[in-house]
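Trainee: What follows is a single structure, and I will ask about it in a moment.
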Amino acid sequence: MPGAADGRGSGDRPGCGAHDGAREAPRRVGIHVTGIVQGVGMRPFVYREAVAHGLAGWVLNAADGVHIEAQGPAGRVSAFVRALGRRAPAAARVDRIDVAELAPEPDGAPDPTGDGREPAFRIVASDAEGARTTLVSPDIATCPDCLRELFDPADRRYRYPFINCTNCGPRFTIIRSLPYDRPATSMDAFPMCGACAAEYADPGDRRFHAQPDACFACGPHITWRERAGACGRDAVGTPAAGRTREESDAIIGRCADLLAAGGIVAVKGLGGFHLACDAGCDRAVRELRRRKHRGRKPLAVMVRSLGDAGALCEADDAERALLAGSIRPIVLLRRRPASGMGGEGPAGDAAGAPRIAPSVAFDLPELGVMLPYTPLQHLLLAACADRGVRALVMTSGNLAGEPIEVDDGAAWERLCARGVADALLGNDRAILARYDDSVVRVVRGAPAPVRRARGYAPRPLPLPPLPPGAVEPPCILACGPEQKATLALTRGDGDGRAALCFVSQHVGDVEGASVLEAWHGARRRIEDLFGLDPGALACDAHPSYLTSRWARGRAADRGLPLVEVQHHHAHIASVIAEAAARGDIDPALPVVGVALDGTGAGDDGTVWGGEVMTADLTRFDRVAHLRRWRLPGGSASIREPRRSALSLLAGTGLLGHPGAAPLVGAMGEPVRRVTLAMVERGVNSPLTSSMGRLFDAVAALLGICGEATYEGEPACLLEAAAQRARRSAPLAGFRLLSPEAPGLPRVIDTGPVLRSLLEGVSDGVPVDELARGFHESAARMVAQAAAEACREAGIRTVALSGGVFMNRLLLGRSVDLLEAAGLTVLVPRDVPVNDGCIAYGQAAVARARLAARGAGAVPSSRST
C-alpha cells in the first residue's frame, strides 16, 4: 500500500554483509521524493545510501521530484526510506516521501545491467525536456567537509578558493541553461583535469556530478588589480592571477594588507561584487560611505565564526542556525550594549568581541551580520584575522541607484577607476545571474525574510489551490512594485491544485534604466530556464511605475490579459496566499488585512499606506484608513520629514501648540512659509493616509530625525529611541471615527495622539519614552481597528503586511494584542513583509481573478 515518510525516522545504517537480512523476504518499493530536491546532490546521495544499505534499483530526477525504485531485504528497504529524509543534503528541502509497494521481481532484484551480472543500484539520466521544469538549487555555502579540506595542508585542494562538492558551491549564478550539466554553466571554460574528472564520474564520491568541481590545476583562479597609489605597502610583486597556491596566497595576503591599512576592496562573490573594508576602522567606513554615497544607512559585517557573532550581538538558536546554515544570509541581530564599539585603534581584543566602528550602524539597535559562505571569504577572513582585523564591512558592490556589479571589467571601470575601491579581487569564472545577499531576521521565533535573494530565490513558492472545477490560468508574469522590486512567474499543474510561483531575487528600486534592465534580465532568465511563456500579466495599479508601464504596453502589443492590482491589496493577498498554500486557511474566505507602509497608489487618487480592509484573493473593501493630510513637495517630504510634520500639525490645528515650537524653530522662516502655502493651496502636495509617513513625521516632531539620508531612516531611528526607553510615556490613543456617510470607510483620527506627544515635548518628557508611547498607541490602534472590522464582518483572521511592520516593537505588540482579543494573526513567512512580497501577491490575485473569469464569474477587483 502507498505510504508517506516525513524523514524523521530513526535507526542506524544497517550492516551490508551477505548474511544481513538473509531470512527477510525481499521488498520492492517505488519512492517519490518531493520538495526542493533538485540540483543539490540528491541522486548521488540516494545512490550512496542505496549501496550502503545493499539495495538494487535506480534513481532519476523528474519534473515533479526524485523518483526511486529499490529492492532488497525488507528491513534494509525500510531503513533506506527513513535515511532519505534523515540524511538528505543540507540544501535539500524534503517535503514528502511517498512509498508505493511493488511486486518483487520473480528472480529477486531486477538486473539493470542487462548482462547477467549481479544486480546493482544505478543513476538514470534526466531527459533534457523534463529538466526544463526541474527546480534548480540556489547557491549553497561551503560545506563542513570542503571547509576541512580547504585548511588541510595534506589535501590537494588546500587553500583553493573555489573548492566545492555536490553539497555546496555555486548553482543558479553559474547556470546558462538546463539540464544542469557542466557544459551549460560558466564552468564550461574550465576542462577538468584527470583527478577531478575521476571524482566527477565516481557515483560513490562526494563530487560525483558536482558541476563546478575543480582544483588549482584546472579550475578558476582569483585575480588582482589595484589603483596606483592605493594605501598599504607597495604592491610590486603581487601576482595578477592566482594560478598556483603560492600566487593565490600572495593575492589574498596583499588584499588583507590593504584592508588592514584602511583600504577599500571590491571583492567578487557568488552573485556579484562586495565593497569590503575593515569594520573596526571608523575612518575606512566613513570613507566607504563617502565614496559610495551611502549616507547613514547601516552596513552589514562579515565575521569568521558564531563566537564572534555572539560576542557582538545576542543570537538565539534560530538566529545561530541561520548564520551557520547552508544559505548564510545577513541576519539582523540585536546588538549587545556597547560591544565592539571603537574607532581608530586595534581591531579588538583577541579574547573579546571584534571591533565595530560607530559609523557601521550608528545608534541603531540591530546589526546585520553574516558568516563566510565562499571558500575565498573563509581564506580572506583568516588572513585578515592574522593582521588583527576580525570583522569586514561587506556591502553591495555598486553605486547608489545602480545594480550590483557582476563583471570584472565593468566592476573595475565603475568601482575602481571611479575611485570607489582601491583594488579589485576578482576571478575568471563568469557570474551569469546577479544576486545580492539575502537579509533575514527572526520574528517571534521564526525566520522572516527582509530581502529574498541569494540562497532563497528562485526557489518557487506554492500557490493556494483553486476552487473545484476551476481551470488553471496560463503562466502569469507579475511585474511587482517600484521599490524593493521582485517579479514572479507562475507555473500551474493543469487542475489548479499544485501551482508554483517563481519569485525572483531582490532587484532593487526600479527608478532608472540600469535597474530596469537588471529587472528584465531576471525576467528573461526565469522564463528561459524554466520554459515559462507568460500568457497573462499583472502589475501595480500605480500609473507611473516603470514596470507597470512596461506591462501595459506588453499586454497591448501581444493581446494578453492584464490584471492591475492595488498595492495594498497585493500586500494582504501575499499573506493570504502563503497561509492558504500551507493549508492554514481557506483561500475562499476573507480576512481582515492591515497594510501599513510608506507609499502606494490608492483608488481615489491619493497616496495610501495606513489601510484596514476586508480581502480575499479576488477583491478587497477598504473599511478604515488613517486621517489624510498633505505631503508638501511629495517625495521632498520623504527626504525632509519636517515638512510632513509641519503639514500634519497644520491639518490638525496643532501648529500653535507650545510643543510644536522646536519643530517650527528648526525650519527656516522662508521654508516654513512656502511649505504652509503649498499645503493650503494643495500645490504639489498629494493627500496621504500613510502610516510610514506618519512615523517619519513623529520622528521629526520629537527631534529624532528631520532629514532622511535613506528611505525609512526616520522610522528606524524612532524605533531605536523607543527600544532604549525603560518605560512608555502614557499617551492618548488614536480615535476610530464613524463613517462620514454610508459605504465610506472609517477614519482613524491622529489628532489625540499628536496632541499628547506635543504636550509631552512641552512638559520635558524624555524623547525615548515618548517614542515608546507612540509605538504602544500605534499597536493599540492596529488591534482596535482590526478587531472592529472583524466584528462587523464576522471574521476571525487578521493579516498584517507592509514595510511599517518591519518594526519589531510595532509588529510584536500588535500581534500580542490581536491574539489577546481571540483573533488568528497571519504574518508573512516566505516573502518579506515589505514590498518584496508584492509580486507574489500580484500573481496570487491575478491567478484567482483569471480563474474566476474562466469559470464565468467576474469578481469586483477593488473598492475605495
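Naming scheme: A, B, ... for chains in displayed order of the C-alpha cells; residues 1 onward per chain; ligands 1 onward as shown.
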Give me the residues near Thr166 in chain A as a list in words, where near means some atom within 6 Å (using only C-alpha atoms) and where sequence neighbours in that chain fewer than 6 positions away do not count.
Mentor: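 Close residues of Thr166 in chain A: Gly41, Arg207 and Ala210 of chain A.
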Trainee: Using DSSP on the backbone coordinates, identify all residues within range 687-798 of chain A classified as strand (DSSP E or B); present the result as an MDAnalysis selection string.
Mentor: chainID A and resid 687:688 735:736 746:749 797:798
Trainee: Output all heavy atoms for every residue in that selection, as a CSV table (one decimal), in the first residue's frame.
Mentor:
chain,number,residue,atom,x,y,z
A,687,LEU,N,-2.5,64.2,-1.1
A,687,LEU,CA,-3.1,63.7,0.2
A,687,LEU,C,-2.6,62.3,0.4
A,687,LEU,O,-2.4,61.5,-0.5
A,687,LEU,CB,-4.6,63.7,0.1
A,687,LEU,CG,-5.3,65.0,0.2
A,687,LEU,CD1,-6.8,64.9,-0.2
A,687,LEU,CD2,-5.2,65.7,1.5
A,688,THR,N,-2.3,62.0,1.7
A,688,THR,CA,-1.8,60.7,2.1
A,688,THR,C,-2.5,60.2,3.3
A,688,THR,O,-2.9,61.0,4.2
A,688,THR,CB,-0.3,60.7,2.2
A,688,THR,OG1,0.1,59.3,2.4
A,688,THR,CG2,0.1,61.5,3.4
A,735,ARG,N,-8.1,57.6,17.5
A,735,ARG,CA,-9.5,57.6,17.7
A,735,ARG,C,-10.2,57.1,16.4
A,735,ARG,O,-9.9,57.6,15.3
A,735,ARG,CB,-10.1,58.9,18.0
A,735,ARG,CG,-11.6,59.0,18.3
A,735,ARG,CD,-12.0,60.3,18.9
A,735,ARG,NE,-11.6,61.4,18.1
A,735,ARG,CZ,-11.6,62.7,18.5
A,735,ARG,NH1,-11.9,63.0,19.7
A,735,ARG,NH2,-11.2,63.6,17.6
A,736,LEU,N,-10.9,56.0,16.5
A,736,LEU,CA,-11.6,55.4,15.3
A,736,LEU,C,-13.0,56.0,15.2
A,736,LEU,O,-13.9,55.9,16.0
A,736,LEU,CB,-11.8,53.9,15.5
A,736,LEU,CG,-12.3,53.1,14.4
A,736,LEU,CD1,-11.4,53.2,13.1
A,736,LEU,CD2,-12.5,51.6,14.8
A,746,ARG,N,-14.2,54.0,7.6
A,746,ARG,CA,-14.0,54.8,8.8
A,746,ARG,C,-12.6,55.5,8.8
A,746,ARG,O,-11.7,55.0,8.1
A,746,ARG,CB,-14.1,53.9,10.0
A,746,ARG,CG,-15.4,53.1,10.1
A,746,ARG,CD,-15.5,52.2,11.3
A,746,ARG,NE,-15.7,52.9,12.5
A,746,ARG,CZ,-16.0,52.3,13.7
A,746,ARG,NH1,-16.1,51.0,13.8
A,746,ARG,NH2,-16.2,53.1,14.8
A,747,VAL,N,-12.5,56.5,9.5
A,747,VAL,CA,-11.3,57.3,9.6
A,747,VAL,C,-10.6,57.1,11.0
A,747,VAL,O,-11.3,57.2,12.0
A,747,VAL,CB,-11.6,58.8,9.3
A,747,VAL,CG1,-10.3,59.6,9.5
A,747,VAL,CG2,-12.1,59.0,7.9
A,748,ILE,N,-9.3,56.9,10.9
A,748,ILE,CA,-8.6,56.8,12.2
A,748,ILE,C,-7.9,58.1,12.5
A,748,ILE,O,-7.0,58.6,11.8
A,748,ILE,CB,-7.5,55.7,12.1
A,748,ILE,CG1,-8.1,54.3,11.7
A,748,ILE,CG2,-6.7,55.6,13.3
A,748,ILE,CD1,-7.2,53.3,11.3
A,749,ASP,N,-8.4,58.8,13.5
A,749,ASP,CA,-8.0,60.2,13.8
A,749,ASP,C,-6.7,60.2,14.5
A,749,ASP,O,-6.5,59.6,15.6
A,749,ASP,CB,-9.1,60.9,14.6
A,749,ASP,CG,-8.8,62.3,14.9
A,749,ASP,OD1,-7.9,62.9,14.2
A,749,ASP,OD2,-9.5,62.9,15.7
A,797,THR,N,-9.9,36.2,11.4
A,797,THR,CA,-8.5,36.1,11.0
A,797,THR,C,-8.0,37.5,10.5
A,797,THR,O,-8.7,38.2,9.7
A,797,THR,CB,-8.3,35.1,9.9
A,797,THR,OG1,-8.8,33.8,10.3
A,797,THR,CG2,-6.9,35.0,9.4
A,798,VAL,N,-6.8,37.9,11.0
A,798,VAL,CA,-6.2,39.2,10.6
A,798,VAL,C,-4.9,39.0,9.9
A,798,VAL,O,-4.1,38.2,10.4
A,798,VAL,CB,-6.0,40.1,11.8
A,798,VAL,CG1,-5.4,41.4,11.5
A,798,VAL,CG2,-7.4,40.4,12.5
Trainee: Residues at most 8 Å from Gly535 in chain A, counting only C-alpha atoms, excluding those fewer than 5 positions away in the same chain, as a list in words?
Mentor: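 Once the adjacent positions are removed, what remains is Pro474, Cys475, Ile476, Leu477, Leu560 and Pro561 of chain A.
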Trainee: Write a file of the just-selected residues containing N, CA and C atoms, as a CSV table (one decimal), in the first residue's frame.
Mentor:
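And here's part_39.csv as it stands now:
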chain,number,residue,atom,x,y,z
A,474,PRO,N,-3.2,30.5,-17.7
A,474,PRO,CA,-1.8,30.4,-18.3
A,474,PRO,C,-0.8,31.0,-17.3
A,475,CYS,N,0.5,30.8,-17.7
A,475,CYS,CA,1.6,31.4,-16.9
A,475,CYS,C,1.3,32.9,-16.8
A,476,ILE,N,1.5,33.4,-15.6
A,476,ILE,CA,1.3,34.8,-15.3
A,476,ILE,C,2.6,35.4,-14.9
A,477,LEU,N,2.9,36.6,-15.5
A,477,LEU,CA,4.1,37.4,-15.1
A,477,LEU,C,3.6,38.5,-14.3
A,560,LEU,N,-2.6,40.3,-24.5
A,560,LEU,CA,-2.6,39.4,-23.4
A,560,LEU,C,-3.5,40.0,-22.3
A,561,PRO,N,-4.1,39.2,-21.5
A,561,PRO,CA,-4.9,39.8,-20.3
A,561,PRO,C,-3.9,40.5,-19.4
Trainee: Counting only C-alpha atoms, which residues of range 131-209 of chain A fall within 9 Å of range 458-464 of chain A, and what is the closest atom pair for each with its distance in Å at one decimal, ordered by chain and rising number, as JSON lines?
Mentor:
{"residue": "A:Leu135", "atom": "CA", "partner": "A:Arg459", "partner_atom": "CA", "distance": 7.2}
{"residue": "A:Val136", "atom": "CA", "partner": "A:Arg459", "partner_atom": "CA", "distance": 7.5}
{"residue": "A:Ser137", "atom": "CA", "partner": "A:Arg459", "partner_atom": "CA", "distance": 7.1}
{"residue": "A:Pro138", "atom": "CA", "partner": "A:Pro458", "partner_atom": "CA", "distance": 6.8}
{"residue": "A:Phe172", "atom": "CA", "partner": "A:Pro458", "partner_atom": "CA", "distance": 8.2}
Trainee: With only C-alpha atoms as the atoms that count, which of A:Arg642, A:His657, A:Arg524, A:Arg627 lies nearest to Ser690 in chain A?
Mentor: A:Arg627
Trainee: Which one is closest to Ser177 in chain A: A:Met678, A:Ile526, A:Ala556, A:Ala446? Count only C-alpha atoms.
Mentor: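 Of A:Met678, A:Ile526, A:Ala556, A:Ala446, the one nearest Ser177 in chain A, counting only C-alpha atoms, is A:Ile526.
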Trainee: Could you jot down the CA of Gly633 in chain A to CA of Thr652 in chain A separation for me, Å, one decimal place?
Mentor: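 Taking CA of Gly633 in chain A and CA of Thr652 in chain A, their separation equals 19.0 Å.
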Trainee: Which residue is closest to Gly665 in chain A? Choose from A:Pro73, A:Pro686, A:Gly703, A:Gly85 and count only C-alpha atoms.
Mentor: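 Selected residue with least distance to Gly665 in chain A: A:Gly703.
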Trainee: If we count only C-alpha atoms and set the cut-off at 7 Å, which residues sit around range 302-305 of chain A, ignoring sequence neighbours fewer than 3 positions away in its own chain? Please answer as a list of chain:residue names.
Mentor: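 These residues fall inside the cut-off: A:Asp308, A:Ala309, A:Val369, A:Met370, A:Leu371, A:Pro372, A:Leu381, A:Arg390, A:Ala391, A:Leu392, A:Val393, A:Met394.
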Trainee: Can you spit out the residues from that selection as a JSON list (two decimals), in the first residue's frame, using N, CA and C atoms?
Mentor:
[["chain", "number", "residue", "atom", "x", "y", "z"],
["A", 308, "ASP", "N", 32.31, 34.95, 17.26],
["A", 308, "ASP", "CA", 32.46, 36.38, 17.03],
["A", 308, "ASP", "C", 31.11, 37.07, 16.88],
["A", 309, "ALA", "N", 30.17, 36.42, 16.18],
["A", 309, "ALA", "CA", 28.83, 36.99, 16.04],
["A", 309, "ALA", "C", 28.16, 37.13, 17.39],
["A", 369, "VAL", "N", 24.66, 40.85, 10.34],
["A", 369, "VAL", "CA", 25.85, 40.01, 10.49],
["A", 369, "VAL", "C", 25.73, 38.79, 9.58],
["A", 370, "MET", "N", 26.82, 38.43, 8.94],
["A", 370, "MET", "CA", 26.85, 37.17, 8.20],
["A", 370, "MET", "C", 28.20, 36.51, 8.39],
["A", 371, "LEU", "N", 28.22, 35.20, 8.15],
["A", 371, "LEU", "CA", 29.43, 34.41, 8.20],
["A", 371, "LEU", "C", 29.89, 34.11, 6.77],
["A", 372, "PRO", "N", 31.16, 33.79, 6.56],
["A", 372, "PRO", "CA", 31.64, 33.48, 5.21],
["A", 372, "PRO", "C", 30.85, 32.35, 4.58],
["A", 381, "LEU", "N", 39.01, 36.10, 5.39],
["A", 381, "LEU", "CA", 38.77, 36.41, 6.81],
["A", 381, "LEU", "C", 39.88, 35.86, 7.68],
["A", 390, "ARG", "N", 39.15, 41.54, 12.52],
["A", 390, "ARG", "CA", 38.26, 40.39, 12.78],
["A", 390, "ARG", "C", 36.86, 40.58, 12.26],
["A", 391, "ALA", "N", 36.57, 41.68, 11.62],
["A", 391, "ALA", "CA", 35.26, 41.89, 11.01],
["A", 391, "ALA", "C", 35.44, 42.79, 9.80],
["A", 392, "LEU", "N", 34.77, 42.45, 8.71],
["A", 392, "LEU", "CA", 34.81, 43.26, 7.49],
["A", 392, "LEU", "C", 33.42, 43.78, 7.19],
["A", 393, "VAL", "N", 33.34, 45.05, 6.81],
["A", 393, "VAL", "CA", 32.13, 45.53, 6.15],
["A", 393, "VAL", "C", 32.07, 44.86, 4.79],
["A", 394, "MET", "N", 30.91, 44.28, 4.47],
["A", 394, "MET", "CA", 30.71, 43.65, 3.16],
["A", 394, "MET", "C", 29.38, 44.16, 2.62]]
Trainee: As a PyMOL selection string, which residues of range 608-848 of chain A does DSSP assign to helix (DSSP H, G or I)?
Mentor: chain A and resi 635-639+641-651+658-666+669-681+691-701+713-724+751-762+767-793+803-806+808-820+835-848
Trainee: Of the residues A:Pro632, A:Arg552, A:Arg96, A:Leu312, which is the one nearest to Gly65 in chain A, using only C-alpha atoms?
Mentor: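 Smallest distance to Gly65 in chain A is found for A:Arg96.
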Trainee: Which residue out of A:Arg159, A:Arg582, A:Arg296, A:Arg225 has the minimum interatomic distance to Asp249 in chain A when only C-alpha atoms are used?
Mentor: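 Selected residue with least distance to Asp249 in chain A: A:Arg159.
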Trainee: Considering only C-alpha atoms, return as a PyMOL selection string whatever protein or nucleic-acid residues lie within 10 Å of Gln71 in chain A, sequence-local ones (same chain, fewer than 4 positions apart) excluded.
Mentor: chain A and resi 26-30+50+54-58+76-77+102-105+108-110+119-121
Trainee: Give the answer as one residue: which of A:Ser504, A:Thr824, A:Ser738, A:Thr142 has the shortest atom-to-atom distance to Arg434 in chain A, using only C-alpha atoms?
Mentor: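 For Arg434 in chain A, the nearest of the candidates is A:Ser504.
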Trainee: Find the residues near Tyr47 in chain A: any atom within 8 Å, counting only C-alpha atoms, skip ones fewer than 6 places away on the same chain, and give them as a PyMOL selection string.
Mentor: chain A and resi 58-59+121-123+203-204
Trainee: Would you mind exporting C-alpha atoms of the selected residues as a tab-separated table (two decimals), in the first residue's frame?
Mentor:
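What follows is the written file result.tsv:
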chain	number	residue	atom	x	y	z
A	58	TRP	CA	17.59	3.10	-9.72
A	59	VAL	CA	17.10	6.84	-9.11
A	121	PHE	CA	21.83	0.33	-7.99
A	122	ARG	CA	22.17	2.86	-10.79
A	123	ILE	CA	21.59	6.52	-11.57
A	203	PRO	CA	28.97	7.75	-8.04
A	204	GLY	CA	30.45	6.96	-4.66
